[in-house]
>>> print(open('data10.txt').read())   # compact mmCIF, C-alpha atoms
# COMPACT_ATOMS: atom_id res chain seq x y z
CA MET A 1 24.38 9.74 1.67
CA SER A 2 21.21 11.78 1.73
CA ASP A 3 18.99 9.11 3.21
CA THR A 4 20.99 8.82 6.42
CA GLY A 5 20.44 12.47 7.30
CA THR A 6 19.01 13.46 10.62
CA THR A 7 15.91 15.23 9.35
CA SER A 8 13.02 12.83 9.15
CA THR A 9 10.08 13.33 6.85
CA ILE A 10 8.31 10.20 8.01
CA LYS A 11 6.32 10.68 11.19
CA ARG A 12 6.73 7.63 13.30
CA SER A 13 4.29 6.80 16.08
CA SER A 14 5.35 7.65 19.59
CA SER A 15 4.80 4.09 20.76
CA ARG A 16 8.15 3.10 19.39
CA SER A 17 10.74 5.79 19.46
CA ARG A 18 13.51 5.85 16.94
CA THR A 19 16.17 3.32 17.81
CA LYS A 20 19.04 5.25 19.25
CA ARG A 21 22.12 5.02 17.19
CA LYS A 22 24.98 3.55 19.14
CA PRO A 23 28.07 5.74 19.17
CA LYS A 24 30.62 4.56 16.66
CA LYS A 25 33.74 3.02 18.07
CA SER A 26 36.99 3.98 16.48
CA GLN A 27 38.25 1.15 14.33
CA LEU A 28 41.68 2.64 13.88
CA PRO A 29 43.54 -0.08 15.87
CA GLN A 30 41.93 -2.84 13.76
CA ALA A 31 42.61 -0.92 10.57
CA THR A 32 46.28 -0.46 11.47
CA PHE A 33 46.57 -4.14 12.34
CA VAL A 34 45.00 -5.25 9.04
CA LEU A 35 47.21 -2.84 7.10
CA ILE A 36 50.34 -4.25 8.73
CA VAL A 37 49.22 -7.83 8.05
CA VAL A 38 48.47 -6.98 4.40
CA ILE A 39 51.88 -5.34 3.90
CA ALA A 40 53.69 -8.21 5.64
CA LEU A 41 51.81 -10.80 3.61
CA GLY A 42 52.49 -8.87 0.42
CA LEU A 43 56.21 -8.71 1.14
CA PHE A 44 56.27 -12.39 2.08
CA LEU A 45 54.49 -13.38 -1.15
CA SER A 46 56.63 -11.18 -3.38
CA GLY A 47 59.72 -12.83 -1.87
CA ARG A 48 58.44 -16.20 -3.08
CA ASP A 49 56.98 -15.46 -6.46
CA ASN A 50 56.27 -12.21 -8.29
CA GLY A 51 53.05 -13.42 -9.87
CA ILE A 52 51.29 -14.34 -6.65
CA ALA A 53 51.97 -10.97 -4.98
CA TRP A 54 50.41 -9.28 -8.01
CA PHE A 55 47.32 -11.50 -7.72
CA PHE A 56 47.11 -10.61 -4.03
CA VAL A 57 47.10 -6.90 -4.79
CA THR A 58 44.59 -7.12 -7.64
CA GLY A 59 42.41 -9.40 -5.50
CA LEU A 60 42.39 -6.89 -2.66
CA ALA A 61 41.59 -4.06 -5.04
CA PHE A 62 38.78 -6.05 -6.63
CA GLY A 63 37.33 -6.93 -3.23
CA TYR A 64 37.48 -3.35 -2.08
CA ILE A 65 35.71 -2.06 -5.18
CA LEU A 66 33.11 -4.81 -4.95
CA GLN A 67 32.35 -3.99 -1.32
CA ARG A 68 32.26 -0.23 -1.67
CA SER A 69 30.24 -0.13 -4.86
CA ARG A 70 27.81 -2.89 -3.83
CA PHE A 71 28.54 -4.40 -7.21
CA CYS A 72 26.67 -7.68 -7.31
CA PHE A 73 26.43 -9.98 -10.30
CA THR A 74 23.53 -11.82 -8.70
CA ALA A 75 21.53 -8.65 -8.23
CA SER A 76 22.28 -7.58 -11.79
CA MET A 77 20.44 -10.66 -13.05
CA ARG A 78 17.81 -10.88 -10.33
CA ASP A 79 16.71 -7.31 -9.66
CA PRO A 80 15.22 -6.63 -13.10
CA TYR A 81 12.67 -9.30 -12.30
CA LEU A 82 12.35 -8.73 -8.55
CA THR A 83 12.39 -4.95 -8.25
CA GLY A 84 12.41 -3.71 -11.82
CA GLY A 85 15.62 -1.83 -11.16
CA THR A 86 18.41 -2.29 -13.68
CA THR A 87 21.15 -0.02 -12.33
CA LEU A 88 23.37 -2.99 -11.47
CA THR A 89 22.57 -4.70 -14.76
CA ARG A 90 23.79 -1.61 -16.58
CA ALA A 91 26.86 -1.42 -14.33
CA VAL A 92 27.76 -4.98 -15.32
CA LEU A 93 27.19 -4.17 -18.99
CA ILE A 94 29.52 -1.18 -18.72
CA ALA A 95 32.12 -3.40 -17.05
CA PHE A 96 31.75 -5.89 -19.94
CA ALA A 97 32.20 -3.11 -22.48
CA ILE A 98 35.39 -1.87 -20.79
CA THR A 99 36.86 -5.36 -20.47
CA THR A 100 35.95 -6.11 -24.09
CA ILE A 101 38.14 -3.23 -25.21
CA GLY A 102 40.92 -4.03 -22.71
CA PHE A 103 41.12 -7.75 -23.41
CA THR A 104 40.95 -7.25 -27.16
CA ALA A 105 43.82 -4.79 -26.91
CA ILE A 106 45.92 -7.28 -24.92
CA LYS A 107 45.10 -10.16 -27.26
CA TYR A 108 45.68 -8.09 -30.37
CA GLY A 109 49.00 -6.93 -28.95
CA TYR A 110 50.22 -10.52 -28.69
CA PHE A 111 48.67 -11.46 -32.04
CA SER A 112 50.34 -8.59 -33.92
CA LYS A 113 53.74 -9.59 -32.55
CA GLY A 114 53.14 -13.15 -33.71
CA LEU A 115 53.14 -14.47 -30.13
CA PRO A 116 50.60 -17.01 -28.87
CA ILE A 117 47.46 -15.19 -27.70
CA PRO A 118 46.99 -15.47 -23.91
CA GLY A 119 43.79 -16.72 -22.38
CA MET A 120 42.71 -18.76 -25.39
CA SER A 121 41.90 -21.75 -23.16
CA TYR A 122 38.93 -19.71 -21.94
CA VAL A 123 37.40 -19.80 -25.40
CA ALA A 124 35.11 -22.64 -24.44
CA PRO A 125 32.82 -24.53 -26.80
CA ILE A 126 29.20 -23.42 -26.69
CA SER A 127 26.42 -25.95 -26.57
CA LEU A 128 23.18 -26.67 -24.76
CA ALA A 129 25.35 -27.51 -21.75
CA THR A 130 26.27 -23.81 -21.47
CA VAL A 131 22.60 -22.84 -21.32
CA ILE A 132 21.68 -25.52 -18.79
CA GLY A 133 24.71 -24.78 -16.64
CA ALA A 134 24.04 -21.05 -16.69
CA PHE A 135 20.44 -21.63 -15.64
CA MET A 136 21.48 -23.88 -12.75
CA PHE A 137 24.10 -21.39 -11.63
CA GLY A 138 21.51 -18.62 -11.74
CA VAL A 139 19.07 -20.54 -9.56
CA GLY A 140 21.87 -21.43 -7.15
CA MET A 141 23.25 -17.96 -6.77
CA VAL A 142 19.89 -16.38 -6.06
CA ILE A 143 19.20 -18.95 -3.32
CA ALA A 144 22.71 -18.68 -1.88
CA GLY A 145 22.49 -14.90 -1.91
CA GLY A 146 25.51 -14.30 -4.07
CA CYS A 147 27.77 -15.62 -6.77
CA ALA A 148 31.37 -16.54 -6.01
CA SER A 149 32.76 -13.02 -5.66
CA GLY A 150 29.66 -11.74 -3.89
CA THR A 151 29.73 -14.54 -1.33
CA LEU A 152 33.43 -13.97 -0.61
CA MET A 153 32.89 -10.24 -0.27
CA ARG A 154 29.99 -10.63 2.15
CA VAL A 155 31.78 -13.18 4.32
CA GLY A 156 34.69 -10.74 4.54
CA GLU A 157 32.23 -8.02 5.45
CA GLY A 158 31.08 -10.08 8.42
CA PHE A 159 27.84 -11.58 7.16
CA THR A 160 28.36 -14.96 8.81
CA MET A 161 25.28 -16.64 7.39
CA GLN A 162 26.98 -16.85 4.01
CA LEU A 163 29.85 -18.87 5.48
CA LEU A 164 27.39 -21.65 4.75
CA SER A 165 27.31 -20.71 1.07
CA LEU A 166 31.09 -20.38 1.02
CA THR A 167 31.60 -23.82 2.58
CA PHE A 168 29.38 -25.60 0.12
CA PHE A 169 30.61 -23.48 -2.75
CA THR A 170 34.12 -24.73 -1.96
CA VAL A 171 32.97 -28.33 -1.54
CA GLY A 172 31.03 -28.18 -4.81
CA SER A 173 33.92 -26.61 -6.69
CA LEU A 174 36.31 -29.29 -5.49
CA ILE A 175 33.95 -32.09 -6.49
CA GLY A 176 33.31 -30.36 -9.80
CA ALA A 177 37.02 -29.87 -10.49
CA ASN A 178 37.60 -33.52 -9.73
CA HIS A 179 34.96 -34.69 -12.23
CA PHE A 180 35.52 -31.96 -14.77
CA GLY A 181 37.35 -34.19 -17.25
CA TRP A 182 34.34 -36.47 -17.58
CA TRP A 183 31.88 -33.58 -18.05
CA LYS A 184 34.19 -32.09 -20.63
CA ASP A 185 34.50 -35.32 -22.62
CA VAL A 186 30.83 -36.20 -22.49
CA PHE A 187 29.12 -32.80 -22.79
CA THR A 188 31.00 -29.59 -23.27
CA SER A 189 33.57 -30.61 -25.87
CA LYS A 190 30.75 -31.50 -28.30
CA GLY A 191 30.02 -27.85 -29.00
CA THR A 192 31.75 -25.51 -31.42
CA LYS A 193 34.37 -23.03 -30.32
CA VAL A 194 33.77 -19.51 -31.49
CA PHE A 195 36.44 -16.87 -31.17
CA LEU A 196 34.83 -13.71 -32.56
CA PRO A 197 38.00 -12.19 -34.11
CA ASP A 198 38.36 -15.37 -36.25
CA VAL A 199 34.89 -14.80 -37.64
CA PHE A 200 34.57 -11.01 -37.93
CA GLY A 201 38.17 -9.87 -37.78
CA TRP A 202 39.61 -8.02 -34.78
CA PHE A 203 37.91 -4.70 -35.41
CA GLY A 204 34.60 -6.27 -36.41
CA ALA A 205 34.56 -8.42 -33.29
CA VAL A 206 34.96 -5.42 -30.98
CA VAL A 207 32.32 -3.42 -32.83
CA ILE A 208 29.80 -6.27 -32.84
CA GLN A 209 30.34 -7.09 -29.17
CA LEU A 210 30.05 -3.45 -28.13
CA LEU A 211 26.94 -3.07 -30.26
CA ILE A 212 25.29 -6.05 -28.55
CA ILE A 213 26.22 -4.65 -25.12
CA PHE A 214 24.86 -1.26 -26.13
CA LEU A 215 21.56 -2.78 -27.26
CA LEU A 216 21.30 -4.70 -23.99
CA TYR A 217 21.95 -1.44 -22.13
CA ILE A 218 19.11 0.27 -23.99
CA ALA A 219 16.87 -2.71 -23.29
CA ALA A 220 17.75 -2.55 -19.58
CA GLU A 221 16.89 1.13 -19.45
CA LYS A 222 13.58 0.58 -21.25
CA TRP A 223 12.78 -2.32 -18.93
CA GLN A 224 13.27 -0.14 -15.85
CA ASP A 225 11.02 2.58 -17.27
CA ALA A 226 8.34 0.06 -18.17
CA LYS A 227 8.46 -1.56 -14.72
CA ALA A 228 8.34 1.79 -12.91
CA ASN A 229 5.26 2.95 -14.80
CA HIS A 230 3.27 -0.24 -14.75
CA MET B 1 -1.77 4.39 11.49
CA GLN B 2 0.05 1.23 12.21
CA GLU B 3 3.71 0.57 12.61
CA ILE B 4 4.94 -2.85 11.67
CA VAL B 5 8.42 -4.16 12.37
CA ILE B 6 9.83 -7.09 10.46
CA ASP B 7 12.99 -8.78 11.61
CA CYS B 8 15.21 -9.70 8.70
CA LEU B 9 18.46 -9.92 10.65
CA GLY B 10 20.59 -12.69 9.25
CA GLU B 11 18.62 -12.97 6.02
CA ALA B 12 20.55 -12.88 2.77
CA CYS B 13 19.89 -10.62 -0.14
CA PRO B 14 16.54 -11.20 -1.78
CA VAL B 15 14.74 -12.36 1.37
CA PRO B 16 14.33 -8.99 3.16
CA LEU B 17 13.12 -7.43 -0.07
CA VAL B 18 10.55 -10.12 -0.78
CA LYS B 19 9.34 -10.05 2.83
CA ALA B 20 8.96 -6.29 2.71
CA GLN B 21 7.14 -6.45 -0.64
CA ASN B 22 4.66 -9.00 0.67
CA LYS B 23 4.11 -7.17 3.95
CA LEU B 24 3.63 -3.85 2.22
CA LYS B 25 0.91 -5.34 0.00
CA GLU B 26 -1.30 -6.17 2.98
CA MET B 27 -0.75 -2.84 4.73
CA ASN B 28 -2.96 0.25 4.56
CA ILE B 29 -1.95 3.59 3.16
CA GLY B 30 -0.15 5.64 5.80
CA ASP B 31 1.16 2.57 7.65
CA ILE B 32 4.83 2.38 8.35
CA LEU B 33 7.00 -0.65 7.83
CA ILE B 34 10.30 -0.96 9.64
CA CYS B 35 12.56 -3.57 8.18
CA GLN B 36 15.56 -4.55 10.30
CA ILE B 37 18.41 -5.81 8.16
CA ASP B 38 22.07 -6.62 8.52
CA HIS B 39 22.80 -7.52 4.92
CA SER B 40 24.48 -4.61 3.20
CA CYS B 41 23.10 -5.64 -0.18
CA ALA B 42 19.51 -5.40 1.03
CA MET B 43 20.36 -1.94 2.34
CA LYS B 44 20.81 -1.01 -1.30
CA ASN B 45 18.04 -2.79 -3.15
CA LEU B 46 15.23 -2.48 -0.60
CA PRO B 47 15.24 1.36 -0.48
CA GLU B 48 15.76 1.47 -4.23
CA TRP B 49 12.74 -0.68 -4.92
CA ALA B 50 10.55 1.14 -2.39
CA ARG B 51 11.49 4.52 -3.87
CA THR B 52 10.77 3.49 -7.45
CA ASP B 53 7.47 2.10 -6.21
CA GLY B 54 6.68 5.57 -4.88
CA HIS B 55 6.93 5.19 -1.11
CA ASN B 56 8.73 7.37 1.41
CA VAL B 57 11.91 5.71 2.52
CA GLU B 58 14.52 6.36 5.16
CA VAL B 59 17.54 4.33 6.16
CA ASP B 60 18.93 4.41 9.70
CA GLU B 61 22.20 2.78 10.58
CA VAL B 62 21.45 1.61 14.10
CA ASP B 63 24.71 -0.23 14.64
CA ASP B 64 27.79 -1.16 12.63
CA GLY B 65 26.39 -3.21 9.77
CA GLU B 66 22.81 -3.07 11.03
CA TRP B 67 20.16 -0.93 9.44
CA GLU B 68 16.51 -0.08 9.80
CA VAL B 69 14.74 0.69 6.57
CA VAL B 70 11.65 2.76 7.32
CA ILE B 71 9.03 2.69 4.60
CA GLU B 72 5.84 4.73 4.67
CA LYS B 73 3.20 3.33 2.38
CA VAL B 74 1.77 6.20 0.37
CA LYS B 75 -0.25 4.44 -2.30
>>> encode(input="data10.txt", output="structure tokens")
Amino acid sequence: MSDTGTTSTIKRSSSRSRTKRKPKKSQLPQATFVLIVVIALGLFLSGRDNGIAWFFVTGLAFGYILQRSRFCFTASMRDPYLTGGTTLTRAVLIAFAITTIGFTAIKYGYFSKGLPIPGMSYVAPISLATVIGAFMFGVGMVIAGGCASGTLMRVGEGFTMQLLSLTFFTVGSLIGANHFGWWKDVFTSKGTKVFLPDVFGWFGAVVIQLLIIFLLYIAAEKWQDAKANH
Amino acid sequence: MQEIVIDCLGEACPVPLVKAQNKLKEMNIGDILICQIDHSCAMKNLPEWARTDGHNVEVDEVDDGEWEVVIEKVK
């Protein structure tokens, strides 16, 4: 990265000299240990059930990408307001666009063979409850410093403060899961279920969704320009 | 020219940024703000914001997972 270079353009007062960088310790022993544990755990899981080993691998890959890329769903929603930067917002939109194509391909594949379409239980009814819930989640994740994946990633990274978020996230999820039936009966099931391919056809649904994402992308770019030149 | 250090060690994502924004507002042009952080996310968004706002920014990794973001107020 360019900003960690040794040449300094900022003149800092002599009263406080630059904090000396501690020499980096080799982390090879830890890395080897973790690698062995991961392989052993993977082999152990695949011996029990094929599905779970696959989830383990995809989970690790997802975590790695999340950590390296600093991909943060919280920041994607928060930074446009806080800093005016929308790079993460656009990254999330690109991810949505890619998954739109991928998931539609999977679903269409099943549909064209006359098989039941997977993942249809995630087509949840939309109602005012969605809006209120989304708003509450948004407030919560900004205060907690991360959504579910972000919190997990940062705890793994060694940011111990967010163990607090993780603990209460787990507690809240368990309580929520326990009461979910009631919430579903009373609130969420009142809404209408919309599965876009039913309304616009498979091709139309992809085009419309991608168009909306594209428009949001343009809006995000314009927003950043407007904020930078204010 | 003043040099101000703010300690944001242990603060989660938006807090170091907001602290730095508020501090920077009350500083004079030419002053330097050093923000100590250990949250990798702030290491990303704090320099990004300061750069788009037009300040000079440098990031020093002082230890594993600990950074100093040096911001020179230029306007």
>>> residues_around(input="data10.txt", residues="Glu72 (chain B)", least_positions_apart="6", cutoff="12 Å", atoms="all atoms listed in the file", output="mmCIF file with C-alpha atoms, in the frame of the given file")
data_model
loop_
_atom_site.group_PDB
_atom_site.id
_atom_site.type_symbol
_atom_site.label_atom_id
_atom_site.label_comp_id
_atom_site.auth_asym_id
_atom_site.auth_seq_id
_atom_site.Cartn_x
_atom_site.Cartn_y
_atom_site.Cartn_z
ATOM 1 C CA SER A 8 13.020 12.830 9.150
ATOM 2 C CA THR A 9 10.080 13.330 6.850
ATOM 3 C CA ILE A 10 8.310 10.200 8.010
ATOM 4 C CA LYS A 11 6.320 10.680 11.190
ATOM 5 C CA ARG A 12 6.730 7.630 13.300
ATOM 6 C CA SER A 13 4.290 6.800 16.080
ATOM 7 C CA MET B 1 -1.770 4.390 11.490
ATOM 8 C CA GLN B 2 0.050 1.230 12.210
ATOM 9 C CA GLU B 3 3.710 0.570 12.610
ATOM 10 C CA ILE B 4 4.940 -2.850 11.670
ATOM 11 C CA ALA B 20 8.960 -6.290 2.710
ATOM 12 C CA LEU B 24 3.630 -3.850 2.220
ATOM 13 C CA MET B 27 -0.750 -2.840 4.730
ATOM 14 C CA ASN B 28 -2.960 0.250 4.560
ATOM 15 C CA ILE B 29 -1.950 3.590 3.160
ATOM 16 C CA GLY B 30 -0.150 5.640 5.800
ATOM 17 C CA ASP B 31 1.160 2.570 7.650
ATOM 18 C CA ILE B 32 4.830 2.380 8.350
ATOM 19 C CA LEU B 33 7.000 -0.650 7.830
ATOM 20 C CA ILE B 34 10.300 -0.960 9.640
ATOM 21 C CA CYS B 35 12.560 -3.570 8.180
ATOM 22 C CA PRO B 47 15.240 1.360 -0.480
ATOM 23 C CA ALA B 50 10.550 1.140 -2.390
ATOM 24 C CA ARG B 51 11.490 4.520 -3.870
ATOM 25 C CA ASP B 53 7.470 2.100 -6.210
ATOM 26 C CA GLY B 54 6.680 5.570 -4.880
ATOM 27 C CA HIS B 55 6.930 5.190 -1.110
ATOM 28 C CA ASN B 56 8.730 7.370 1.410
ATOM 29 C CA VAL B 57 11.910 5.710 2.520
ATOM 30 C CA GLU B 58 14.520 6.360 5.160
ATOM 31 C CA VAL B 59 17.540 4.330 6.160
#
>>> atom_distance(input="data10.txt", atom1="CA of Thr87 (chain A)", atom2="CA of Ile106 (chain A)")
28.7 Å
>>> closest_residue(input="data10.txt", among="B:Cys13, B:Ile37, B:Val62, B:Val74", to="Ala144 (chain A)", atoms="all atoms listed in the file")
B:Cys13
>>> atom_distance(input="data10.txt", atom1="CA of Met141 (chain A)", atom2="CA of Leu196 (chain A)")
28.6 Å
>>> axis_aligned_box(input="data10.txt", around="region 145-158 of chain A", padding_each_side="8 Å", output="JSON")
{"center_x": 28.6, "center_y": -12.3, "center_z": 0.8, "size_x": 28.2, "size_y": 24.5, "size_z": 31.2}
>>> atom_distance(input="data10.txt", atom1="CA of Thr99 (chain A)", atom2="CA of Phe71 (chain A)")
15.7 Å
>>> build_atoms(input="data10.txt", residues="region 42-53 of chain B", atoms="all heavy atoms", output="PDB file, in the coordinates of the input")
ATOM      1  N   ALA B  42      20.924  -5.733   0.887  1.00  0.00           N
ATOM      2  CA  ALA B  42      19.510  -5.400   1.030  1.00  0.00           C
ATOM      3  C   ALA B  42      19.352  -3.925   1.374  1.00  0.00           C
ATOM      4  O   ALA B  42      18.349  -3.306   1.045  1.00  0.00           O
ATOM      5  CB  ALA B  42      18.880  -6.254   2.129  1.00  0.00           C
ATOM      6  N   MET B  43      20.376  -3.366   2.004  1.00  0.00           N
ATOM      7  CA  MET B  43      20.360  -1.940   2.340  1.00  0.00           C
ATOM      8  C   MET B  43      20.328  -1.108   1.065  1.00  0.00           C
ATOM      9  O   MET B  43      19.895   0.032   1.059  1.00  0.00           O
ATOM     10  CB  MET B  43      21.622  -1.638   3.150  1.00  0.00           C
ATOM     11  CG  MET B  43      21.576  -0.385   3.964  1.00  0.00           C
ATOM     12  SD  MET B  43      22.280   0.954   3.090  1.00  0.00           S
ATOM     13  CE  MET B  43      24.012   0.543   3.200  1.00  0.00           C
ATOM     14  N   LYS B  44      20.783  -1.700  -0.011  1.00  0.00           N
ATOM     15  CA  LYS B  44      20.810  -1.010  -1.300  1.00  0.00           C
ATOM     16  C   LYS B  44      19.512  -1.253  -2.079  1.00  0.00           C
ATOM     17  O   LYS B  44      18.878  -0.306  -2.530  1.00  0.00           O
ATOM     18  CB  LYS B  44      22.011  -1.524  -2.099  1.00  0.00           C
ATOM     19  CG  LYS B  44      22.306  -0.745  -3.333  1.00  0.00           C
ATOM     20  CD  LYS B  44      23.238   0.399  -3.044  1.00  0.00           C
ATOM     21  CE  LYS B  44      23.374   1.223  -4.304  1.00  0.00           C
ATOM     22  NZ  LYS B  44      23.777   2.577  -4.002  1.00  0.00           N
ATOM     23  N   ASN B  45      19.137  -2.511  -2.219  1.00  0.00           N
ATOM     24  CA  ASN B  45      18.040  -2.790  -3.150  1.00  0.00           C
ATOM     25  C   ASN B  45      16.651  -2.575  -2.552  1.00  0.00           C
ATOM     26  O   ASN B  45      15.714  -2.264  -3.271  1.00  0.00           O
ATOM     27  CB  ASN B  45      18.166  -4.183  -3.796  1.00  0.00           C
ATOM     28  CG  ASN B  45      17.956  -5.331  -2.840  1.00  0.00           C
ATOM     29  OD1 ASN B  45      17.516  -5.160  -1.711  1.00  0.00           O
ATOM     30  ND2 ASN B  45      18.280  -6.520  -3.295  1.00  0.00           N
ATOM     31  N   LEU B  46      16.541  -2.709  -1.231  1.00  0.00           N
ATOM     32  CA  LEU B  46      15.230  -2.480  -0.600  1.00  0.00           C
ATOM     33  C   LEU B  46      14.790  -1.014  -0.702  1.00  0.00           C
ATOM     34  O   LEU B  46      13.693  -0.737  -1.199  1.00  0.00           O
ATOM     35  CB  LEU B  46      15.290  -2.971   0.859  1.00  0.00           C
ATOM     36  CG  LEU B  46      14.029  -2.909   1.699  1.00  0.00           C
ATOM     37  CD1 LEU B  46      12.881  -3.612   1.023  1.00  0.00           C
ATOM     38  CD2 LEU B  46      14.279  -3.526   3.067  1.00  0.00           C
ATOM     39  N   PRO B  47      15.629  -0.048  -0.297  1.00  0.00           N
ATOM     40  CA  PRO B  47      15.240   1.360  -0.480  1.00  0.00           C
ATOM     41  C   PRO B  47      15.038   1.721  -1.949  1.00  0.00           C
ATOM     42  O   PRO B  47      14.106   2.458  -2.289  1.00  0.00           O
ATOM     43  CB  PRO B  47      16.416   2.148   0.099  1.00  0.00           C
ATOM     44  CG  PRO B  47      17.119   1.211   0.990  1.00  0.00           C
ATOM     45  CD  PRO B  47      16.929  -0.148   0.395  1.00  0.00           C
ATOM     46  N   GLU B  48      15.877   1.144  -2.815  1.00  0.00           N
ATOM     47  CA  GLU B  48      15.760   1.470  -4.230  1.00  0.00           C
ATOM     48  C   GLU B  48      14.407   1.029  -4.795  1.00  0.00           C
ATOM     49  O   GLU B  48      13.740   1.793  -5.486  1.00  0.00           O
ATOM     50  CB  GLU B  48      16.902   0.808  -5.021  1.00  0.00           C
ATOM     51  CG  GLU B  48      17.015   1.332  -6.437  1.00  0.00           C
ATOM     52  CD  GLU B  48      18.053   0.574  -7.257  1.00  0.00           C
ATOM     53  OE1 GLU B  48      19.242   0.713  -6.946  1.00  0.00           O
ATOM     54  OE2 GLU B  48      17.664  -0.147  -8.186  1.00  0.00           O
ATOM     55  N   TRP B  49      14.025  -0.179  -4.430  1.00  0.00           N
ATOM     56  CA  TRP B  49      12.740  -0.680  -4.920  1.00  0.00           C
ATOM     57  C   TRP B  49      11.584   0.162  -4.365  1.00  0.00           C
ATOM     58  O   TRP B  49      10.697   0.573  -5.092  1.00  0.00           O
ATOM     59  CB  TRP B  49      12.531  -2.148  -4.521  1.00  0.00           C
ATOM     60  CG  TRP B  49      11.103  -2.541  -4.687  1.00  0.00           C
ATOM     61  CD1 TRP B  49      10.471  -2.817  -5.864  1.00  0.00           C
ATOM     62  CD2 TRP B  49      10.105  -2.598  -3.661  1.00  0.00           C
ATOM     63  NE1 TRP B  49       9.144  -3.066  -5.624  1.00  0.00           N
ATOM     64  CE2 TRP B  49       8.894  -2.936  -4.296  1.00  0.00           C
ATOM     65  CE3 TRP B  49      10.129  -2.405  -2.281  1.00  0.00           C
ATOM     66  CZ2 TRP B  49       7.707  -3.090  -3.581  1.00  0.00           C
ATOM     67  CZ3 TRP B  49       8.944  -2.547  -1.578  1.00  0.00           C
ATOM     68  CH2 TRP B  49       7.751  -2.888  -2.224  1.00  0.00           C
ATOM     69  N   ALA B  50      11.646   0.422  -3.036  1.00  0.00           N
ATOM     70  CA  ALA B  50      10.550   1.140  -2.390  1.00  0.00           C
ATOM     71  C   ALA B  50      10.405   2.554  -2.973  1.00  0.00           C
ATOM     72  O   ALA B  50       9.299   3.060  -3.133  1.00  0.00           O
ATOM     73  CB  ALA B  50      10.776   1.203  -0.886  1.00  0.00           C
ATOM     74  N   ARG B  51      11.548   3.172  -3.297  1.00  0.00           N
ATOM     75  CA  ARG B  51      11.490   4.520  -3.870  1.00  0.00           C
ATOM     76  C   ARG B  51      10.892   4.505  -5.261  1.00  0.00           C
ATOM     77  O   ARG B  51      10.047   5.329  -5.581  1.00  0.00           O
ATOM     78  CB  ARG B  51      12.882   5.135  -3.911  1.00  0.00           C
ATOM     79  CG  ARG B  51      13.265   5.705  -2.585  1.00  0.00           C
ATOM     80  CD  ARG B  51      14.387   6.705  -2.647  1.00  0.00           C
ATOM     81  NE  ARG B  51      14.808   6.965  -1.271  1.00  0.00           N
ATOM     82  CZ  ARG B  51      15.887   6.428  -0.716  1.00  0.00           C
ATOM     83  NH1 ARG B  51      16.675   5.660  -1.423  1.00  0.00           N
ATOM     84  NH2 ARG B  51      16.177   6.671   0.531  1.00  0.00           N
ATOM     85  N   THR B  52      11.326   3.539  -6.092  1.00  0.00           N
ATOM     86  CA  THR B  52      10.770   3.490  -7.450  1.00  0.00           C
ATOM     87  C   THR B  52       9.295   3.129  -7.414  1.00  0.00           C
ATOM     88  O   THR B  52       8.552   3.467  -8.317  1.00  0.00           O
ATOM     89  CB  THR B  52      11.526   2.503  -8.358  1.00  0.00           C
ATOM     90  OG1 THR B  52      11.749   1.300  -7.629  1.00  0.00           O
ATOM     91  CG2 THR B  52      12.830   3.066  -8.846  1.00  0.00           C
ATOM     92  N   ASP B  53       8.870   2.432  -6.344  1.00  0.00           N
ATOM     93  CA  ASP B  53       7.470   2.100  -6.210  1.00  0.00           C
ATOM     94  C   ASP B  53       6.669   3.278  -5.665  1.00  0.00           C
ATOM     95  O   ASP B  53       5.446   3.211  -5.590  1.00  0.00           O
ATOM     96  CB  ASP B  53       7.312   0.877  -5.288  1.00  0.00           C
ATOM     97  CG  ASP B  53       6.154  -0.004  -5.698  1.00  0.00           C
ATOM     98  OD1 ASP B  53       5.970  -0.190  -6.909  1.00  0.00           O
ATOM     99  OD2 ASP B  53       5.423  -0.487  -4.808  1.00  0.00           O
TER     100      ASP B  53
END
